[in-house]
Each structure stands twice: as structure tokens, then as C-alpha cells.
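structure_1.tsv follows; it contains TSV, C-alpha atoms.
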chain	number	residue	atom	x	y	z
A	1	MET	CA	-32.93	-53.18	-38.78
A	2	ASP	CA	-36.30	-53.44	-40.53
A	3	GLU	CA	-36.58	-55.13	-43.93
A	4	GLU	CA	-37.06	-51.91	-45.90
A	5	LEU	CA	-33.94	-50.31	-44.37
A	6	ARG	CA	-31.93	-53.50	-44.92
A	7	SER	CA	-32.92	-53.61	-48.60
A	8	LEU	CA	-32.18	-49.91	-49.03
A	9	THR	CA	-28.77	-50.14	-47.38
A	10	GLU	CA	-27.72	-53.14	-49.48
A	11	ARG	CA	-28.69	-51.33	-52.68
A	12	LEU	CA	-27.13	-48.00	-51.73
A	13	ARG	CA	-23.94	-49.53	-50.32
A	14	GLN	CA	-23.22	-50.96	-53.78
A	15	GLU	CA	-24.11	-47.67	-55.43
A	16	SER	CA	-21.94	-45.59	-53.08
A	17	ARG	CA	-18.64	-47.33	-53.96
A	18	GLY	CA	-17.16	-45.81	-50.82
A	19	PRO	CA	-17.90	-47.43	-47.50
A	20	VAL	CA	-16.53	-44.61	-45.31
A	21	ALA	CA	-19.05	-41.93	-46.32
A	22	PHE	CA	-21.86	-44.47	-46.54
A	23	ASP	CA	-21.16	-45.97	-43.12
A	24	ARG	CA	-20.95	-42.50	-41.55
A	25	LEU	CA	-24.39	-41.53	-42.91
A	26	LEU	CA	-25.83	-44.86	-41.86
A	27	ALA	CA	-24.41	-44.70	-38.32
A	28	THR	CA	-24.96	-41.08	-37.30
A	29	GLU	CA	-27.92	-40.22	-35.12
A	30	ASP	CA	-27.44	-36.47	-35.64
A	31	HIS	CA	-30.46	-35.33	-37.66
A	32	ASP	CA	-28.88	-31.94	-38.34
A	33	GLU	CA	-25.88	-33.64	-39.92
A	34	LEU	CA	-28.19	-35.78	-42.02
A	35	ALA	CA	-30.34	-32.81	-43.08
A	36	GLU	CA	-27.25	-30.93	-44.28
A	37	VAL	CA	-26.75	-33.60	-46.93
A	38	LEU	CA	-30.16	-32.72	-48.40
A	39	THR	CA	-29.19	-29.10	-49.00
A	40	ALA	CA	-25.44	-29.32	-49.65
A	41	PRO	CA	-24.44	-28.98	-53.30
A	42	GLY	CA	-22.85	-31.88	-55.13
A	43	GLN	CA	-24.21	-34.68	-52.96
A	44	PRO	CA	-24.67	-37.97	-54.80
A	45	LEU	CA	-28.17	-39.36	-55.24
A	46	TRP	CA	-27.45	-42.40	-53.04
A	47	ALA	CA	-26.51	-40.10	-50.12
A	48	ARG	CA	-29.61	-37.95	-50.53
A	49	GLU	CA	-31.81	-41.03	-50.69
A	50	LEU	CA	-30.26	-42.63	-47.61
A	51	VAL	CA	-30.54	-39.43	-45.60
A	52	ALA	CA	-34.10	-38.67	-46.74
A	53	PHE	CA	-35.17	-42.20	-45.86
A	54	ARG	CA	-33.58	-42.09	-42.41
A	55	LEU	CA	-35.04	-38.68	-41.61
A	56	GLY	CA	-38.43	-39.67	-43.00
A	57	VAL	CA	-38.83	-42.81	-40.93
A	58	ALA	CA	-37.70	-40.80	-37.90
A	59	GLY	CA	-40.50	-38.28	-38.52
A	60	ASP	CA	-38.20	-35.39	-39.44
A	61	ARG	CA	-40.16	-33.27	-41.93
A	62	ARG	CA	-37.02	-31.79	-43.46
A	63	ALA	CA	-37.00	-34.93	-45.62
A	64	PHE	CA	-40.39	-34.25	-47.20
A	65	GLU	CA	-39.35	-32.53	-50.46
A	66	SER	CA	-36.57	-35.01	-51.16
A	67	LEU	CA	-38.85	-37.96	-50.50
A	68	VAL	CA	-41.52	-36.60	-52.83
A	69	LEU	CA	-38.94	-36.20	-55.59
A	70	LEU	CA	-37.78	-39.79	-55.00
A	71	LEU	CA	-41.38	-41.02	-55.00
A	72	ASN	CA	-41.60	-39.82	-58.61
A	73	HIS	CA	-38.22	-41.24	-59.70
A	74	ARG	CA	-37.83	-43.48	-62.73
A	75	ASP	CA	-36.12	-46.16	-60.60
A	76	PRO	CA	-38.80	-48.29	-58.82
A	77	PRO	CA	-36.64	-49.19	-55.78
A	78	ARG	CA	-36.14	-45.48	-55.07
A	79	CYS	CA	-39.89	-44.92	-55.35
A	80	ALA	CA	-40.59	-47.81	-53.00
A	81	SER	CA	-38.18	-46.61	-50.32
A	82	ALA	CA	-39.55	-43.06	-50.58
A	83	ALA	CA	-43.13	-44.31	-50.22
A	84	HIS	CA	-42.14	-46.34	-47.16
A	85	ALA	CA	-40.51	-43.31	-45.52
A	86	LEU	CA	-43.33	-40.93	-46.48
A	87	ALA	CA	-45.90	-43.25	-44.94
A	88	ARG	CA	-44.03	-42.98	-41.64
A	89	LEU	CA	-43.11	-39.30	-41.86
A	90	GLY	CA	-46.43	-37.98	-40.61
A	91	ASP	CA	-46.36	-34.86	-42.76
A	92	PRO	CA	-49.85	-33.57	-43.61
A	93	ARG	CA	-48.68	-32.62	-47.13
A	94	THR	CA	-47.92	-36.23	-48.06
A	95	ALA	CA	-51.36	-37.32	-49.29
A	96	ARG	CA	-51.80	-34.22	-51.42
A	97	ALA	CA	-48.36	-34.75	-53.00
A	98	ALA	CA	-49.02	-38.45	-53.62
A	99	ALA	CA	-52.40	-37.64	-55.17
A	100	ALA	CA	-50.81	-35.09	-57.48
A	101	LEU	CA	-48.20	-37.62	-58.60
A	102	ALA	CA	-50.73	-40.43	-59.04
A	103	THR	CA	-53.00	-38.30	-61.22
A	104	ASN	CA	-50.29	-36.64	-63.31
A	105	GLU	CA	-50.78	-38.11	-66.79
A	106	LEU	CA	-47.33	-36.94	-67.88
A	107	ARG	CA	-45.76	-39.13	-65.18
A	108	VAL	CA	-48.22	-42.05	-65.14
A	109	ALA	CA	-45.39	-44.51	-65.80
A	110	TYR	CA	-44.18	-43.72	-62.27
A	111	ALA	CA	-47.59	-43.65	-60.55
A	112	LEU	CA	-47.51	-47.16	-59.04
A	113	HIS	CA	-45.86	-46.20	-55.76
A	114	PRO	CA	-47.85	-42.99	-55.25
A	115	VAL	CA	-51.03	-45.07	-55.74
A	116	ARG	CA	-49.89	-47.63	-53.17
A	117	LEU	CA	-48.90	-44.86	-50.76
A	118	LEU	CA	-52.37	-43.30	-51.04
A	119	VAL	CA	-53.92	-46.62	-50.06
A	120	GLU	CA	-51.63	-46.91	-47.07
A	121	LEU	CA	-52.33	-43.34	-45.95
A	122	ARG	CA	-56.14	-43.69	-46.18
A	123	ALA	CA	-56.32	-39.90	-46.47
A	124	PRO	CA	-59.30	-37.89	-47.79
A	125	GLU	CA	-57.38	-37.46	-51.07
A	126	SER	CA	-56.88	-41.21	-51.54
A	127	VAL	CA	-60.18	-42.40	-53.03
A	128	PRO	CA	-60.73	-39.46	-55.43
A	129	ALA	CA	-57.15	-39.76	-56.74
A	130	LEU	CA	-57.43	-43.52	-57.22
A	131	ILE	CA	-60.76	-43.14	-59.01
A	132	THR	CA	-59.34	-40.48	-61.34
A	133	THR	CA	-56.23	-42.52	-62.09
A	134	LEU	CA	-58.22	-45.70	-62.72
A	135	GLU	CA	-60.73	-43.94	-64.99
A	136	ARG	CA	-57.85	-42.85	-67.21
A	137	ARG	CA	-56.40	-46.37	-67.28
A	138	LEU	CA	-59.64	-47.87	-68.58
A	139	ARG	CA	-59.06	-46.50	-72.07
A	140	PRO	CA	-58.50	-49.10	-74.81
A	141	HIS	CA	-54.88	-50.28	-75.12
A	142	ASP	CA	-53.66	-48.36	-72.08
A	143	PRO	CA	-50.12	-49.62	-71.36
A	144	TYR	CA	-50.22	-48.97	-67.61
A	145	ARG	CA	-52.08	-52.07	-66.40
A	146	ARG	CA	-49.99	-52.36	-63.24
A	147	VAL	CA	-51.09	-48.88	-62.20
A	148	ALA	CA	-54.71	-49.75	-63.04
A	149	LEU	CA	-54.51	-52.97	-61.03
A	150	ALA	CA	-52.99	-51.12	-58.06
A	151	CYS	CA	-55.89	-48.65	-58.21
A	152	VAL	CA	-58.48	-51.44	-58.32
A	153	GLU	CA	-56.87	-53.31	-55.43
A	154	GLY	CA	-56.45	-50.07	-53.49
A	155	LEU	CA	-60.07	-49.11	-53.95
A	156	GLY	CA	-61.00	-52.57	-52.69
A	157	THR	CA	-58.84	-52.07	-49.62
A	158	LEU	CA	-60.37	-48.65	-48.95
A	159	ALA	CA	-63.89	-50.04	-49.57
A	160	ASP	CA	-65.38	-46.63	-50.29
A	161	PRO	CA	-68.78	-46.61	-52.03
A	162	ARG	CA	-67.68	-43.75	-54.30
A	163	ALA	CA	-65.50	-46.29	-56.14
A	164	ARG	CA	-68.43	-48.49	-57.12
A	165	ARG	CA	-69.03	-46.97	-60.58
A	166	VAL	CA	-65.40	-47.12	-61.75
A	167	LEU	CA	-64.94	-50.63	-60.34
A	168	LYS	CA	-67.99	-51.77	-62.34
A	169	GLU	CA	-66.37	-50.28	-65.44
A	170	ALA	CA	-63.16	-52.16	-64.63
A	171	LEU	CA	-65.09	-55.45	-64.75
A	172	ALA	CA	-65.13	-55.12	-68.55
A	173	HIS	CA	-61.32	-55.28	-68.71
A	174	PRO	CA	-60.05	-58.88	-68.59
A	175	ALA	CA	-56.80	-57.96	-66.83
A	176	LEU	CA	-58.74	-56.18	-64.07
A	177	ALA	CA	-62.00	-58.13	-63.86
A	178	ARG	CA	-61.15	-60.51	-60.99
A	179	ALA	CA	-59.59	-57.79	-58.87
A	180	ALA	CA	-62.52	-55.47	-59.61
A	181	ALA	CA	-65.03	-58.14	-58.55
A	182	ARG	CA	-63.11	-58.65	-55.29
A	183	ALA	CA	-62.94	-54.89	-54.75
A	184	LEU	CA	-66.68	-54.52	-55.32
A	185	GLY	CA	-67.28	-57.35	-52.87
A	186	SER	CA	-65.30	-55.51	-50.21
A	187	ILE	CA	-67.70	-52.57	-50.15
A	188	PRO	CA	-70.06	-53.24	-47.23
A	189	GLU	CA	-73.69	-53.98	-48.11
A	190	GLU	CA	-75.11	-51.06	-46.16
A	191	GLU	CA	-72.82	-48.75	-48.10
A	192	GLN	CA	-73.88	-50.29	-51.42
A	193	ALA	CA	-77.51	-49.45	-50.82
A	194	ARG	CA	-76.90	-45.71	-50.56

As C-alpha cells, please, write out the structure in this file.
Amino acid sequence: MDEELRSLTERLRQESRGPVAFDRLLATEDHDELAEVLTAPGQPLWARELVAFRLGVAGDRRAFESLVLLLNHRDPPRCASAAHALARLGDPRTARAAAALATNELRVAYALHPVRLLVELRAPESVPALITTLERRLRPHDPYRRVALACVEGLGTLADPRARRVLKEALAHPALARAAARALGSIPEEEQAR
């Protein structure tokens, strides 16, 4: 059992308060049985999350919509497990959905995991979405410094020259300056000259 699944199962086992149903969903290898939980009425959130995660890491695209909803949840552990599963799902819609969530100003409080997922995906949507999100976080007194820092670090990981301008702007923000300097240093010299 990988670390992400172990962490998820420990959390959801406590939430389920009923080991029989939980153990059945954890043990079954029948993807159709798992997918039924995603569409059946009245299913508890823990069951939907467990099933979506299992289907997602198995590459079953029926989990996509549920995982995207969980990626934008107010509970960070749910967001983290959804991001992990979405990164392994292999659905071409994932980067576009993560970019939409990361750049949605009405849900910026929940943008941390979509930002991190975009970095992991390295999709065409990743750099533009991170730049847009970071630009908005550079306003005075913005309360979402963790999101801003994730953008700066992500842009450093992606090392795309398009990020140069916004990373230079981030240098002026004490909470971001060191990470922005590292990120700027990660952009290869030949790319900087263009």
C-alpha cells in the first residue's frame, strides 16, 4: 500500500464509523461496483472519496468529476488525495480543470492543491495558470501567501521563461523573495536571453 493510500484509508476508516462497508470498498477489485458508489444517491462523502481515489489511481476515468469536486473541497486532506489520484488518472481534462480551479478568485482559499497538481502535470495550461494566480497574489495584504509561495516554487520547478516577469515582481514581497530568487535561478541561461 503506498503512503497516500495508507493515509487516506486511516482518515476515512475513522470517518466511516462502520468497518464492514469501508472494508468492502477497500477490498473489492470490481471497478463497476466502485463506480456505482459515485452515482448512487445517498452515499456518504467518505465512500465517494475512497472510491474516486481508487478508481483514479487505477486510471478509470469515471472518477474524474468526483475527483475534481474533491480537489476544490474545503478540507485540505480531501484536496490532497484528489490531486494525487488526478495526477495518476491520465485524463486529458485534468490540467484544464486544475487551471480553472487555481485561477478562480472566488475559490482562491482552496487553490493550493490545484496549483501543486498543475506543477506535477507539467501541462500546457500549467505555466499560464500559475502566472495568473501569482499575479493576483502579489496585491498588498493578500491573505493567500501559501498559494503565492506554491506558485513561485512551481514556476521555479517548471523553469519556463514566461514566468520571469512575475517572479521578478515577487522579489519585492519579503515572504516570497527567497523562493522567487531560487525560481529565477532555475530558468536556464539560454532561455533568459530570449

Compile the contact shell of Arg61 in chain A as a list in words: residues with an atom at most 9 Å away, counting all atoms listed in the file, same-chain residues fewer than 6 positions apart removed. Leu55, Leu89, Gly90 and Asp91 of chain A

Do you have, as JSON lines, the list of residues of range 14-108 of chain A lying at most 12 Å from range 142-153 of chain A, each with its nearest atom pair and that distance in Å to one decimal, counting all atoms listed in the file and ordered by chain then number?
{"residue": "A:Ala99", "atom": "CA", "partner": "A:Cys151", "partner_atom": "CA", "distance": 11.9}
{"residue": "A:Ala102", "atom": "CA", "partner": "A:Val147", "partner_atom": "CA", "distance": 9.0}
{"residue": "A:Thr103", "atom": "CA", "partner": "A:Val147", "partner_atom": "CA", "distance": 10.8}
{"residue": "A:Glu105", "atom": "CA", "partner": "A:Tyr144", "partner_atom": "CA", "distance": 10.9}
{"residue": "A:Arg107", "atom": "CA", "partner": "A:Tyr144", "partner_atom": "CA", "distance": 11.1}
{"residue": "A:Val108", "atom": "CA", "partner": "A:Tyr144", "partner_atom": "CA", "distance": 7.6}

What would the file look like if the residues just selected were written as a compact mmCIF listing (two decimals), in the coordinates of the input with C-alpha atoms?
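Result file out-v1.txt:
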# COMPACT_ATOMS: atom_id res chain seq x y z
CA ALA A 99 -52.40 -37.64 -55.17
CA ALA A 102 -50.73 -40.43 -59.04
CA THR A 103 -53.00 -38.30 -61.22
CA GLU A 105 -50.78 -38.11 -66.79
CA ARG A 107 -45.76 -39.13 -65.18
CA VAL A 108 -48.22 -42.05 -65.14

Find the residue from A:Asp30, A:Glu15, A:Glu169, A:Asp160 that sits nearest to Ala58 in chain A; use all atoms listed in the file when measuring. A:Asp30

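For Ala80 in chain A, the list of residues within 8 Å, based on only C-alpha atoms and with local chain neighbours fewer than 4 positions off taken out, reads Leu71, Pro76, His84 and His113 of chain A.
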
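Atom pair CA of Pro92 in chain A / CA of Ala163 in chain A: separated by 23.7 Å.
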
Expected residue set, 12 Å radius at (-68.5, -48.4, -58.0), only C-alpha atoms, as a PyMOL selection string: chain A and resi 127+131+134-135+152+155-156+159-171+180-188+191-194

Test item: residues at most 8 Å from range 34-44 of chain A, all atoms listed in the file, excluding those fewer than 4 positions along its chain, as a PDB file with C-alpha atoms, in the coordinates of the input:
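Listing of part.pdb after writing:
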ATOM      1  CA  LEU A  25     -24.390 -41.530 -42.910  1.00  0.00           C
ATOM      2  CA  THR A  28     -24.960 -41.080 -37.300  1.00  0.00           C
ATOM      3  CA  ASP A  30     -27.440 -36.470 -35.640  1.00  0.00           C
ATOM      4  CA  ARG A  48     -29.610 -37.950 -50.530  1.00  0.00           C
ATOM      5  CA  VAL A  51     -30.540 -39.430 -45.600  1.00  0.00           C
ATOM      6  CA  ALA A  52     -34.100 -38.670 -46.740  1.00  0.00           C
ATOM      7  CA  LEU A  55     -35.040 -38.680 -41.610  1.00  0.00           C
ATOM      8  CA  ARG A  62     -37.020 -31.790 -43.460  1.00  0.00           C
ATOM      9  CA  ALA A  63     -37.000 -34.930 -45.620  1.00  0.00           C
ATOM     10  CA  SER A  66     -36.570 -35.010 -51.160  1.00  0.00           C
TER      11      SER A  66
END

For a cut-off of 12 Å around (-39.5, -38.2, -54.5), file coordinates, pick out all residues using all atoms listed in the file and list them as a VMD selection string. chain A and resid 45 48 to 49 52 to 53 56 63 to 86 94 97 to 98 101 110 to 111 113 to 114

Interatomic distance, CA of Phe22 in chain A to CA of Leu8 in chain A (Å, one decimal): 11.9 Å

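Interatomic distance, CA of His31 in chain A against CA of Arg17 in chain A: 23.4 Å.
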
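Of the listed residues (A:His173, A:Arg93, A:Gly154, A:Leu117), A:His173 comes nearest to His141 in chain A; the distances count only C-alpha atoms.
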
Arg13 in chain A environment, 12 Å, all atoms listed in the file, sequence neighbours closer than 4 positions dropped, as an MDAnalysis selection string: chainID A and resid 5:9 17:26 46:47 49:50

Rebuild N, CA and C atoms on range 138-150 of chain A, as a CSV table (one decimal), in the frame of the given file?
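The new file result-v7.csv reads:
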chain,number,residue,atom,x,y,z
A,138,LEU,N,-58.6,-47.0,-68.0
A,138,LEU,CA,-59.6,-47.9,-68.6
A,138,LEU,C,-59.8,-47.6,-70.1
A,139,ARG,N,-59.0,-46.8,-70.6
A,139,ARG,CA,-59.1,-46.5,-72.1
A,139,ARG,C,-58.5,-47.7,-72.8
A,140,PRO,N,-59.0,-47.9,-74.0
A,140,PRO,CA,-58.5,-49.1,-74.8
A,140,PRO,C,-57.0,-49.0,-75.0
A,141,HIS,N,-56.3,-50.1,-74.9
A,141,HIS,CA,-54.9,-50.3,-75.1
A,141,HIS,C,-54.0,-49.4,-74.2
A,142,ASP,N,-54.5,-49.1,-73.0
A,142,ASP,CA,-53.7,-48.4,-72.1
A,142,ASP,C,-52.5,-49.3,-71.6
A,143,PRO,N,-51.3,-48.8,-71.7
A,143,PRO,CA,-50.1,-49.6,-71.4
A,143,PRO,C,-49.8,-49.7,-69.9
A,144,TYR,N,-50.6,-49.0,-69.0
A,144,TYR,CA,-50.2,-49.0,-67.6
A,144,TYR,C,-51.1,-49.9,-66.8
A,145,ARG,N,-51.2,-51.1,-67.1
A,145,ARG,CA,-52.1,-52.1,-66.4
A,145,ARG,C,-51.7,-52.3,-64.9
A,146,ARG,N,-50.4,-52.2,-64.6
A,146,ARG,CA,-50.0,-52.4,-63.2
A,146,ARG,C,-50.5,-51.2,-62.4
A,147,VAL,N,-50.5,-50.0,-62.9
A,147,VAL,CA,-51.1,-48.9,-62.2
A,147,VAL,C,-52.6,-49.1,-62.0
A,148,ALA,N,-53.3,-49.5,-63.1
A,148,ALA,CA,-54.7,-49.8,-63.0
A,148,ALA,C,-55.0,-50.8,-62.0
A,149,LEU,N,-54.3,-51.9,-62.0
A,149,LEU,CA,-54.5,-53.0,-61.0
A,149,LEU,C,-54.3,-52.5,-59.6
A,150,ALA,N,-53.2,-51.7,-59.4
A,150,ALA,CA,-53.0,-51.1,-58.1
A,150,ALA,C,-54.1,-50.2,-57.6
